[in-house]
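**Q** Data: protein03.txt, compact mmCIF, N, CA and C atoms.
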```
# COMPACT_ATOMS: atom_id res chain seq x y z
N MET A 1 -327.70 68.82 14.26
CA MET A 1 -327.57 68.29 15.59
C MET A 1 -328.10 69.29 16.63
N MET A 2 -327.98 70.57 16.32
CA MET A 2 -328.43 71.60 17.26
C MET A 2 -329.91 71.45 17.57
N ASP A 3 -330.70 71.05 16.58
CA ASP A 3 -332.15 70.90 16.77
C ASP A 3 -332.49 69.88 17.85
N ARG A 4 -331.62 68.93 18.09
CA ARG A 4 -331.86 67.91 19.11
C ARG A 4 -331.89 68.54 20.50
N PHE A 5 -331.12 69.60 20.70
CA PHE A 5 -331.01 70.23 22.02
C PHE A 5 -331.84 71.50 22.13
N LEU A 6 -331.83 72.32 21.11
CA LEU A 6 -332.64 73.54 21.08
C LEU A 6 -333.29 73.64 19.70
N ALA A 7 -334.52 73.18 19.63
CA ALA A 7 -335.26 73.17 18.37
C ALA A 7 -335.49 74.59 17.87
N PRO A 8 -335.76 74.76 16.58
CA PRO A 8 -335.94 76.09 16.00
C PRO A 8 -337.04 76.94 16.64
N HIS A 9 -338.01 76.32 17.27
CA HIS A 9 -339.11 77.08 17.88
C HIS A 9 -338.85 77.46 19.34
N THR A 10 -337.73 77.05 19.92
CA THR A 10 -337.43 77.39 21.31
C THR A 10 -337.08 78.87 21.44
N PRO A 11 -337.30 79.44 22.62
CA PRO A 11 -336.95 80.86 22.81
C PRO A 11 -335.47 81.15 22.52
N GLU A 12 -334.60 80.20 22.84
CA GLU A 12 -333.17 80.40 22.60
C GLU A 12 -332.87 80.48 21.11
N ALA A 13 -333.44 79.58 20.33
CA ALA A 13 -333.21 79.59 18.88
C ALA A 13 -333.82 80.84 18.25
N LEU A 14 -335.00 81.22 18.72
CA LEU A 14 -335.63 82.43 18.19
C LEU A 14 -334.81 83.67 18.54
N ALA A 15 -334.27 83.72 19.75
CA ALA A 15 -333.42 84.85 20.15
C ALA A 15 -332.16 84.90 19.30
N HIS A 16 -331.56 83.75 19.08
CA HIS A 16 -330.36 83.68 18.25
C HIS A 16 -330.66 84.17 16.83
N ASN A 17 -331.75 83.69 16.27
CA ASN A 17 -332.13 84.11 14.92
C ASN A 17 -332.41 85.61 14.86
N HIS A 18 -333.10 86.11 15.86
CA HIS A 18 -333.43 87.54 15.88
C HIS A 18 -332.15 88.39 15.93
N LEU A 19 -331.23 88.01 16.79
CA LEU A 19 -329.99 88.79 16.91
C LEU A 19 -329.14 88.69 15.65
N THR A 20 -329.03 87.50 15.08
CA THR A 20 -328.17 87.37 13.89
C THR A 20 -328.80 88.03 12.66
N GLU A 21 -330.11 87.99 12.55
CA GLU A 21 -330.77 88.60 11.39
C GLU A 21 -330.88 90.12 11.52
N ASN A 22 -330.90 90.62 12.74
CA ASN A 22 -331.07 92.06 12.98
C ASN A 22 -329.88 92.64 13.73
N TRP A 23 -328.69 92.16 13.42
CA TRP A 23 -327.51 92.51 14.20
C TRP A 23 -327.27 94.02 14.30
N PHE A 24 -327.59 94.77 13.27
CA PHE A 24 -327.29 96.19 13.27
C PHE A 24 -328.37 97.04 13.95
N SER A 25 -329.53 96.47 14.24
CA SER A 25 -330.60 97.30 14.81
C SER A 25 -331.30 96.70 16.03
N TRP A 26 -330.94 95.49 16.42
CA TRP A 26 -331.68 94.81 17.49
C TRP A 26 -331.63 95.57 18.81
N ASP A 27 -330.57 96.32 19.05
CA ASP A 27 -330.39 96.97 20.35
C ASP A 27 -330.89 98.41 20.39
N THR A 28 -331.43 98.91 19.30
CA THR A 28 -331.88 100.31 19.27
C THR A 28 -333.39 100.45 19.44
N ASP A 29 -334.10 99.35 19.54
CA ASP A 29 -335.56 99.40 19.66
C ASP A 29 -336.02 99.92 21.02
N HIS A 30 -335.21 99.71 22.05
CA HIS A 30 -335.58 100.08 23.42
C HIS A 30 -334.43 100.85 24.06
N PRO A 31 -334.72 101.66 25.07
CA PRO A 31 -333.65 102.42 25.72
C PRO A 31 -332.65 101.55 26.48
N SER A 32 -333.07 100.36 26.90
CA SER A 32 -332.14 99.44 27.56
C SER A 32 -332.16 98.10 26.82
N LEU A 33 -331.13 97.31 27.05
CA LEU A 33 -331.00 96.04 26.34
C LEU A 33 -332.04 95.02 26.78
N ASN A 34 -332.46 94.18 25.86
CA ASN A 34 -333.41 93.11 26.14
C ASN A 34 -332.65 91.94 26.77
N GLU A 35 -332.78 91.79 28.06
CA GLU A 35 -332.02 90.79 28.81
C GLU A 35 -332.38 89.37 28.40
N THR A 36 -333.65 89.11 28.20
CA THR A 36 -334.10 87.77 27.83
C THR A 36 -333.55 87.38 26.46
N LEU A 37 -333.54 88.32 25.55
CA LEU A 37 -333.01 88.08 24.21
C LEU A 37 -331.51 87.75 24.27
N ILE A 38 -330.76 88.51 25.04
CA ILE A 38 -329.32 88.27 25.15
C ILE A 38 -329.05 86.92 25.80
N ALA A 39 -329.79 86.59 26.87
CA ALA A 39 -329.59 85.33 27.57
C ALA A 39 -329.92 84.13 26.68
N GLY A 40 -331.03 84.22 25.96
CA GLY A 40 -331.41 83.13 25.06
C GLY A 40 -330.38 82.91 23.97
N CYS A 41 -329.94 84.00 23.39
CA CYS A 41 -328.92 83.92 22.34
C CYS A 41 -327.62 83.36 22.90
N ALA A 42 -327.27 83.75 24.12
CA ALA A 42 -326.02 83.29 24.73
C ALA A 42 -326.04 81.80 25.00
N SER A 43 -327.15 81.28 25.50
CA SER A 43 -327.21 79.84 25.76
C SER A 43 -327.20 79.06 24.45
N TYR A 44 -327.85 79.59 23.42
CA TYR A 44 -327.82 78.95 22.10
C TYR A 44 -326.39 78.96 21.55
N ALA A 45 -325.72 80.09 21.66
CA ALA A 45 -324.35 80.21 21.16
C ALA A 45 -323.40 79.29 21.92
N ALA A 46 -323.62 79.14 23.23
CA ALA A 46 -322.78 78.27 24.04
C ALA A 46 -322.90 76.82 23.58
N LEU A 47 -324.11 76.38 23.36
CA LEU A 47 -324.32 75.00 22.92
C LEU A 47 -323.77 74.80 21.52
N SER A 48 -323.97 75.76 20.65
CA SER A 48 -323.44 75.68 19.29
C SER A 48 -321.92 75.60 19.30
N ARG A 49 -321.30 76.41 20.13
CA ARG A 49 -319.83 76.42 20.24
C ARG A 49 -319.32 75.08 20.77
N TYR A 50 -320.02 74.51 21.75
CA TYR A 50 -319.61 73.20 22.27
C TYR A 50 -319.76 72.12 21.21
N LEU A 51 -320.86 72.14 20.49
CA LEU A 51 -321.09 71.13 19.46
C LEU A 51 -320.02 71.18 18.38
N SER A 52 -319.55 72.38 18.04
CA SER A 52 -318.51 72.49 17.01
C SER A 52 -317.18 71.95 17.52
N GLY A 53 -316.95 72.06 18.82
CA GLY A 53 -315.70 71.55 19.40
C GLY A 53 -314.47 72.30 18.95
N ALA A 54 -314.65 73.43 18.31
CA ALA A 54 -313.53 74.15 17.71
C ALA A 54 -312.45 74.55 18.71
N ASP A 55 -312.83 74.99 19.87
CA ASP A 55 -311.83 75.43 20.85
C ASP A 55 -311.99 74.70 22.18
N LEU A 56 -312.34 73.45 22.10
CA LEU A 56 -312.52 72.62 23.29
C LEU A 56 -311.22 71.86 23.55
N PHE A 57 -310.50 72.29 24.58
CA PHE A 57 -309.19 71.71 24.85
C PHE A 57 -309.22 70.69 25.98
N LEU A 58 -309.99 70.95 27.02
CA LEU A 58 -310.15 70.01 28.13
C LEU A 58 -311.52 69.38 28.01
N LEU A 59 -311.55 68.10 27.75
CA LEU A 59 -312.81 67.41 27.53
C LEU A 59 -313.55 67.21 28.85
N PRO A 60 -314.84 67.51 28.89
CA PRO A 60 -315.60 67.31 30.12
C PRO A 60 -315.82 65.82 30.38
N ARG A 61 -315.75 65.43 31.65
CA ARG A 61 -315.95 64.04 32.02
C ARG A 61 -317.21 63.84 32.85
N SER A 62 -317.84 64.92 33.25
CA SER A 62 -319.03 64.82 34.10
C SER A 62 -319.99 65.96 33.75
N ARG A 63 -321.18 65.84 34.31
CA ARG A 63 -322.18 66.89 34.07
C ARG A 63 -321.68 68.24 34.58
N SER A 64 -321.06 68.25 35.75
CA SER A 64 -320.62 69.53 36.32
C SER A 64 -319.55 70.17 35.44
N GLU A 65 -318.63 69.38 34.89
CA GLU A 65 -317.61 69.92 34.00
C GLU A 65 -318.23 70.43 32.70
N LEU A 66 -319.18 69.68 32.17
CA LEU A 66 -319.89 70.09 30.95
C LEU A 66 -320.65 71.39 31.19
N GLU A 67 -321.35 71.46 32.31
CA GLU A 67 -322.12 72.67 32.62
C GLU A 67 -321.19 73.87 32.81
N ARG A 68 -320.04 73.65 33.41
CA ARG A 68 -319.07 74.73 33.60
C ARG A 68 -318.59 75.27 32.25
N ILE A 69 -318.32 74.37 31.32
CA ILE A 69 -317.87 74.78 29.98
C ILE A 69 -318.98 75.57 29.28
N LEU A 70 -320.20 75.05 29.32
CA LEU A 70 -321.31 75.73 28.66
C LEU A 70 -321.59 77.10 29.28
N ARG A 71 -321.47 77.20 30.59
CA ARG A 71 -321.65 78.50 31.25
C ARG A 71 -320.57 79.48 30.80
N ARG A 72 -319.33 79.01 30.77
CA ARG A 72 -318.23 79.89 30.35
C ARG A 72 -318.46 80.37 28.91
N TYR A 73 -318.88 79.47 28.04
CA TYR A 73 -319.17 79.85 26.66
C TYR A 73 -320.32 80.87 26.61
N SER A 74 -321.33 80.68 27.45
CA SER A 74 -322.45 81.63 27.43
C SER A 74 -322.01 83.00 27.96
N TYR A 75 -321.14 83.02 28.96
CA TYR A 75 -320.62 84.30 29.46
C TYR A 75 -319.84 85.02 28.37
N ASP A 76 -319.06 84.28 27.60
CA ASP A 76 -318.33 84.88 26.47
C ASP A 76 -319.31 85.53 25.49
N ALA A 77 -320.38 84.81 25.17
CA ALA A 77 -321.38 85.34 24.23
C ALA A 77 -322.07 86.57 24.82
N ILE A 78 -322.36 86.54 26.11
CA ILE A 78 -322.98 87.69 26.77
C ILE A 78 -322.06 88.90 26.70
N HIS A 79 -320.79 88.69 27.02
CA HIS A 79 -319.82 89.80 26.99
C HIS A 79 -319.70 90.38 25.58
N ASN A 80 -319.62 89.51 24.59
CA ASN A 80 -319.50 89.98 23.20
C ASN A 80 -320.73 90.78 22.77
N THR A 81 -321.90 90.31 23.15
CA THR A 81 -323.13 91.00 22.77
C THR A 81 -323.23 92.36 23.45
N ILE A 82 -322.93 92.40 24.75
CA ILE A 82 -323.00 93.67 25.48
C ILE A 82 -321.97 94.66 24.93
N ALA A 83 -320.79 94.16 24.60
CA ALA A 83 -319.73 95.03 24.09
C ALA A 83 -320.11 95.68 22.76
N LYS A 84 -320.88 95.00 21.95
CA LYS A 84 -321.26 95.53 20.64
C LYS A 84 -322.55 96.35 20.68
N ALA A 85 -323.25 96.30 21.80
CA ALA A 85 -324.54 96.99 21.90
C ALA A 85 -324.35 98.49 22.07
N ARG A 86 -325.34 99.22 21.58
CA ARG A 86 -325.32 100.68 21.70
C ARG A 86 -326.20 101.16 22.84
N SER A 87 -327.07 100.30 23.34
CA SER A 87 -327.92 100.65 24.47
C SER A 87 -327.25 100.17 25.76
N THR A 88 -327.75 100.65 26.87
CA THR A 88 -327.16 100.27 28.16
C THR A 88 -327.99 99.20 28.86
N LEU A 89 -327.35 98.55 29.81
CA LEU A 89 -328.04 97.58 30.65
C LEU A 89 -328.68 98.30 31.83
N GLU A 90 -329.82 97.80 32.26
CA GLU A 90 -330.41 98.32 33.48
C GLU A 90 -329.59 97.82 34.66
N SER A 91 -329.75 98.45 35.80
CA SER A 91 -329.04 98.03 37.00
C SER A 91 -329.38 96.57 37.33
N GLY A 92 -328.37 95.75 37.54
CA GLY A 92 -328.58 94.33 37.83
C GLY A 92 -328.82 93.49 36.60
N GLY A 93 -328.80 94.10 35.43
CA GLY A 93 -329.10 93.39 34.19
C GLY A 93 -328.12 92.28 33.86
N TYR A 94 -326.84 92.53 34.11
CA TYR A 94 -325.84 91.51 33.79
C TYR A 94 -326.09 90.24 34.60
N SER A 95 -326.36 90.39 35.88
CA SER A 95 -326.62 89.22 36.74
C SER A 95 -327.87 88.48 36.28
N ARG A 96 -328.90 89.22 35.91
CA ARG A 96 -330.13 88.59 35.44
C ARG A 96 -329.89 87.83 34.14
N ILE A 97 -329.12 88.42 33.23
CA ILE A 97 -328.82 87.76 31.96
C ILE A 97 -328.07 86.45 32.21
N CYS A 98 -327.05 86.51 33.05
CA CYS A 98 -326.28 85.30 33.37
C CYS A 98 -327.17 84.23 33.99
N HIS A 99 -328.04 84.64 34.90
CA HIS A 99 -328.95 83.70 35.56
C HIS A 99 -329.89 83.04 34.55
N LEU A 100 -330.45 83.84 33.65
CA LEU A 100 -331.34 83.29 32.62
C LEU A 100 -330.61 82.31 31.71
N ALA A 101 -329.40 82.65 31.31
CA ALA A 101 -328.61 81.76 30.45
C ALA A 101 -328.27 80.46 31.18
N GLU A 102 -327.90 80.57 32.46
CA GLU A 102 -327.58 79.38 33.26
C GLU A 102 -328.80 78.47 33.39
N ASN A 103 -329.97 79.06 33.61
CA ASN A 103 -331.20 78.26 33.71
C ASN A 103 -331.50 77.56 32.39
N SER A 104 -331.30 78.24 31.29
CA SER A 104 -331.53 77.65 29.98
C SER A 104 -330.61 76.46 29.75
N ILE A 105 -329.34 76.62 30.10
CA ILE A 105 -328.37 75.53 29.95
C ILE A 105 -328.77 74.36 30.83
N ALA A 106 -329.17 74.63 32.07
CA ALA A 106 -329.58 73.57 32.99
C ALA A 106 -330.79 72.81 32.44
N GLN A 107 -331.74 73.53 31.83
CA GLN A 107 -332.92 72.88 31.25
C GLN A 107 -332.52 71.94 30.12
N VAL A 108 -331.58 72.35 29.29
CA VAL A 108 -331.12 71.49 28.20
C VAL A 108 -330.47 70.24 28.78
N LEU A 109 -329.62 70.41 29.79
CA LEU A 109 -328.92 69.27 30.38
C LEU A 109 -329.87 68.35 31.15
N ASP A 110 -330.96 68.89 31.68
CA ASP A 110 -331.93 68.08 32.43
C ASP A 110 -332.84 67.27 31.52
N SER A 111 -332.87 67.57 30.24
CA SER A 111 -333.77 66.89 29.31
C SER A 111 -333.18 65.59 28.80
N GLY A 112 -333.94 64.51 28.98
CA GLY A 112 -333.57 63.21 28.42
C GLY A 112 -332.15 62.80 28.72
N ASP A 113 -331.48 62.32 27.69
CA ASP A 113 -330.09 61.86 27.83
C ASP A 113 -329.11 62.88 27.24
N ASN A 114 -329.46 64.15 27.31
CA ASN A 114 -328.62 65.19 26.71
C ASN A 114 -327.22 65.23 27.30
N VAL A 115 -327.09 65.05 28.61
CA VAL A 115 -325.76 65.09 29.22
C VAL A 115 -324.88 63.98 28.64
N GLU A 116 -325.41 62.77 28.62
CA GLU A 116 -324.64 61.64 28.09
C GLU A 116 -324.28 61.84 26.63
N THR A 117 -325.23 62.34 25.85
CA THR A 117 -324.98 62.58 24.43
C THR A 117 -323.90 63.62 24.22
N LEU A 118 -323.97 64.72 24.97
CA LEU A 118 -322.98 65.79 24.83
C LEU A 118 -321.60 65.34 25.32
N LEU A 119 -321.56 64.58 26.40
CA LEU A 119 -320.27 64.08 26.89
C LEU A 119 -319.65 63.11 25.89
N ARG A 120 -320.48 62.25 25.33
CA ARG A 120 -320.00 61.25 24.37
C ARG A 120 -319.51 61.90 23.08
N LEU A 121 -320.10 63.02 22.72
CA LEU A 121 -319.74 63.71 21.48
C LEU A 121 -318.26 64.07 21.43
N HIS A 122 -317.71 64.51 22.54
CA HIS A 122 -316.30 64.92 22.58
C HIS A 122 -315.50 64.09 23.58
N SER A 123 -315.85 62.83 23.73
CA SER A 123 -315.12 62.00 24.69
C SER A 123 -313.79 61.54 24.09
N ALA A 124 -312.87 61.20 24.97
CA ALA A 124 -311.57 60.70 24.53
C ALA A 124 -311.77 59.36 23.84
N PRO A 125 -311.00 59.07 22.82
CA PRO A 125 -311.13 57.78 22.13
C PRO A 125 -310.90 56.63 23.11
N SER A 126 -311.59 55.52 22.91
CA SER A 126 -311.42 54.38 23.81
C SER A 126 -309.98 53.88 23.72
N GLY A 127 -309.47 53.49 24.86
CA GLY A 127 -308.09 53.03 24.91
C GLY A 127 -307.11 54.16 25.14
N PHE A 128 -307.60 55.40 25.18
CA PHE A 128 -306.73 56.55 25.41
C PHE A 128 -306.43 56.63 26.89
N ALA A 129 -305.17 56.64 27.24
CA ALA A 129 -304.78 56.73 28.64
C ALA A 129 -304.69 58.20 29.04
N SER A 130 -305.39 58.53 30.10
CA SER A 130 -305.36 59.93 30.52
C SER A 130 -304.51 60.16 31.76
N SER A 131 -304.12 59.11 32.44
CA SER A 131 -303.33 59.31 33.64
C SER A 131 -301.84 59.28 33.32
N ASP A 132 -301.06 59.97 34.11
CA ASP A 132 -299.62 60.03 33.89
C ASP A 132 -298.96 58.67 34.03
N SER A 133 -299.43 57.86 34.97
CA SER A 133 -298.81 56.55 35.17
C SER A 133 -299.01 55.65 33.96
N ALA A 134 -300.17 55.73 33.33
CA ALA A 134 -300.42 54.91 32.14
C ALA A 134 -299.59 55.41 30.97
N MET A 135 -299.35 56.71 30.90
CA MET A 135 -298.57 57.26 29.80
C MET A 135 -297.09 56.92 29.96
N ASN A 136 -296.65 56.69 31.16
CA ASN A 136 -295.25 56.37 31.42
C ASN A 136 -295.01 54.87 31.46
N HIS A 137 -295.91 54.10 30.98
CA HIS A 137 -295.82 52.65 31.01
C HIS A 137 -294.66 52.14 30.16
N HIS A 138 -294.43 52.75 29.02
CA HIS A 138 -293.36 52.31 28.12
C HIS A 138 -292.07 53.04 28.47
N PRO A 139 -290.98 52.30 28.62
CA PRO A 139 -289.72 52.96 28.96
C PRO A 139 -289.20 53.78 27.78
N SER A 140 -288.49 54.82 28.10
CA SER A 140 -287.91 55.68 27.09
C SER A 140 -286.76 54.96 26.41
N PRO A 141 -286.57 55.14 25.10
CA PRO A 141 -285.46 54.49 24.41
C PRO A 141 -284.12 55.12 24.78
N ARG A 142 -284.14 56.29 25.37
CA ARG A 142 -282.91 56.98 25.77
C ARG A 142 -282.64 56.77 27.24
N ARG A 143 -281.40 56.55 27.57
CA ARG A 143 -281.02 56.43 28.97
C ARG A 143 -280.65 57.80 29.50
N ILE A 144 -281.00 58.04 30.70
CA ILE A 144 -280.63 59.29 31.36
C ILE A 144 -279.52 58.96 32.34
N ARG A 145 -278.37 59.58 32.14
CA ARG A 145 -277.23 59.31 33.02
C ARG A 145 -277.40 60.02 34.34
N THR A 146 -277.12 59.31 35.37
CA THR A 146 -277.11 59.89 36.71
C THR A 146 -275.78 59.58 37.34
N LYS A 147 -275.33 60.41 38.24
CA LYS A 147 -274.03 60.18 38.89
C LYS A 147 -274.15 59.26 40.06
```
Transcribe the structure of this file into structure tokens.
**A**
Amino acid sequence: MMDRFLAPHTPEALAHNHLTENWFSWDTDHPSLNETLIAGCASYAALSRYLSGADLFLLPRSRSELERILRRYSYDAIHNTIAKARSTLESGGYSRICHLAENSIAQVLDSGDNVETLLRLHSAPSGFASSDSAMNHHPSPRRIRTK
């Protein structure tokens, strides 16, 4: 399913593959971290994490909610990558990495019907009541005594 959103030849997929295959040496090639590589890997990891749904507790109902979740996931991946790296970031590097990852996520969401597909993937089952009033429709079998 990942190929539908980020095909194997995309910069994000290539960055992800490069980092996972060269995890022990990817950060020692240059004196500072490769910002584009980290951003691409982070956006790929964010989408992969969303697709798995493993830790998705609040289901997104709109593009903005979906984008917020994907951004948060990408920030997690960025933090994890930077924390494990042995090289340092250049001044302003963190902001640039976040910006690149956000742009990548926006490009995925802007393509075709990706937003609808991703929202539908983890949508609440039909007939599921999400409002408190609908959940309180059935009276409780227990009476609560009041004075």
**Q** Which residues come within 7 Å of Ala45 of chain A, counting all atoms listed in the file, excluding same-chain residues fewer than 2 positions away, as a list in words?
**A** His16, Gly40, Cys41, Ala42, Ser43, Leu47, Ser48, Arg49, Tyr50, Tyr73, Ser74 and Ala77 of chain A
**Q** Enter the distance from atom N of Ser87 of chain A to atom C of Ile105 of chain A, in Å, rounded to one decimal.
**A**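 One can read the atom N of Ser87 of chain A to atom C of Ile105 of chain A distance as 27.1 Å.
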**Q** Give me, please, the distance in Å between atom CA of Tyr75 of chain A and atom CA of Ala106 of chain A, quoted to one decimal.
**A**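 Between these atoms lies a distance of 14.4 Å.
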**Q** Ranking A:Ala39, A:Leu66, A:His122, A:Ser52 by minimum distance to His99 of chain A and counting all atoms listed in the file, which one comes first?
**A**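 The closest residue to His99 of chain A is A:Ala39.
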**Q** Just to confirm, what's the straight-line distance from atom C of Leu19 of chain A to atom CA of Glu67 of chain A in Å (one decimal)?
**A**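 Going from atom C of Leu19 of chain A over to atom CA of Glu67 of chain A, I get 24.4 Å.
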**Q** Using all atoms listed in the file for the distances, tell me which of A:Asp3, A:Asp76, A:Glu21, A:Glu35 is nearest to Leu100 of chain A.
**A** A:Glu35
**Q** Please identify which residues in chain A DSSP calls alpha helix (DSSP H) from the backbone, and express them as an MDAnalysis selection string.
**A** chainID A and resid 2:5 11:21 35:52 63:84 93:110 114:121 132:135
**Q** Which residue gives the smallest distance to Ser104 of chain A among A:Asn17, A:Thr117, A:Thr36, A:Asn22, with only C-alpha atoms counted?
**A**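 Among the listed residues, the smallest separation from Ser104 of chain A belongs to A:Thr36.
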**Q** Please work out which residues fall within 5 Å of (-330.2, 100.9, 27.7), coordinates as given in the file, with only N, CA and C atoms counting, and return them as a list in words.
**A** Pro31, Ser32, Leu33, Ser87, Thr88 and Leu89 of chain A
**Q** Which of these residues is nearest to Ile78 of chain A, using only C-alpha atoms: A:Asn34, A:Ser62, A:Ser91, A:Ser25?
**A** A:Asn34
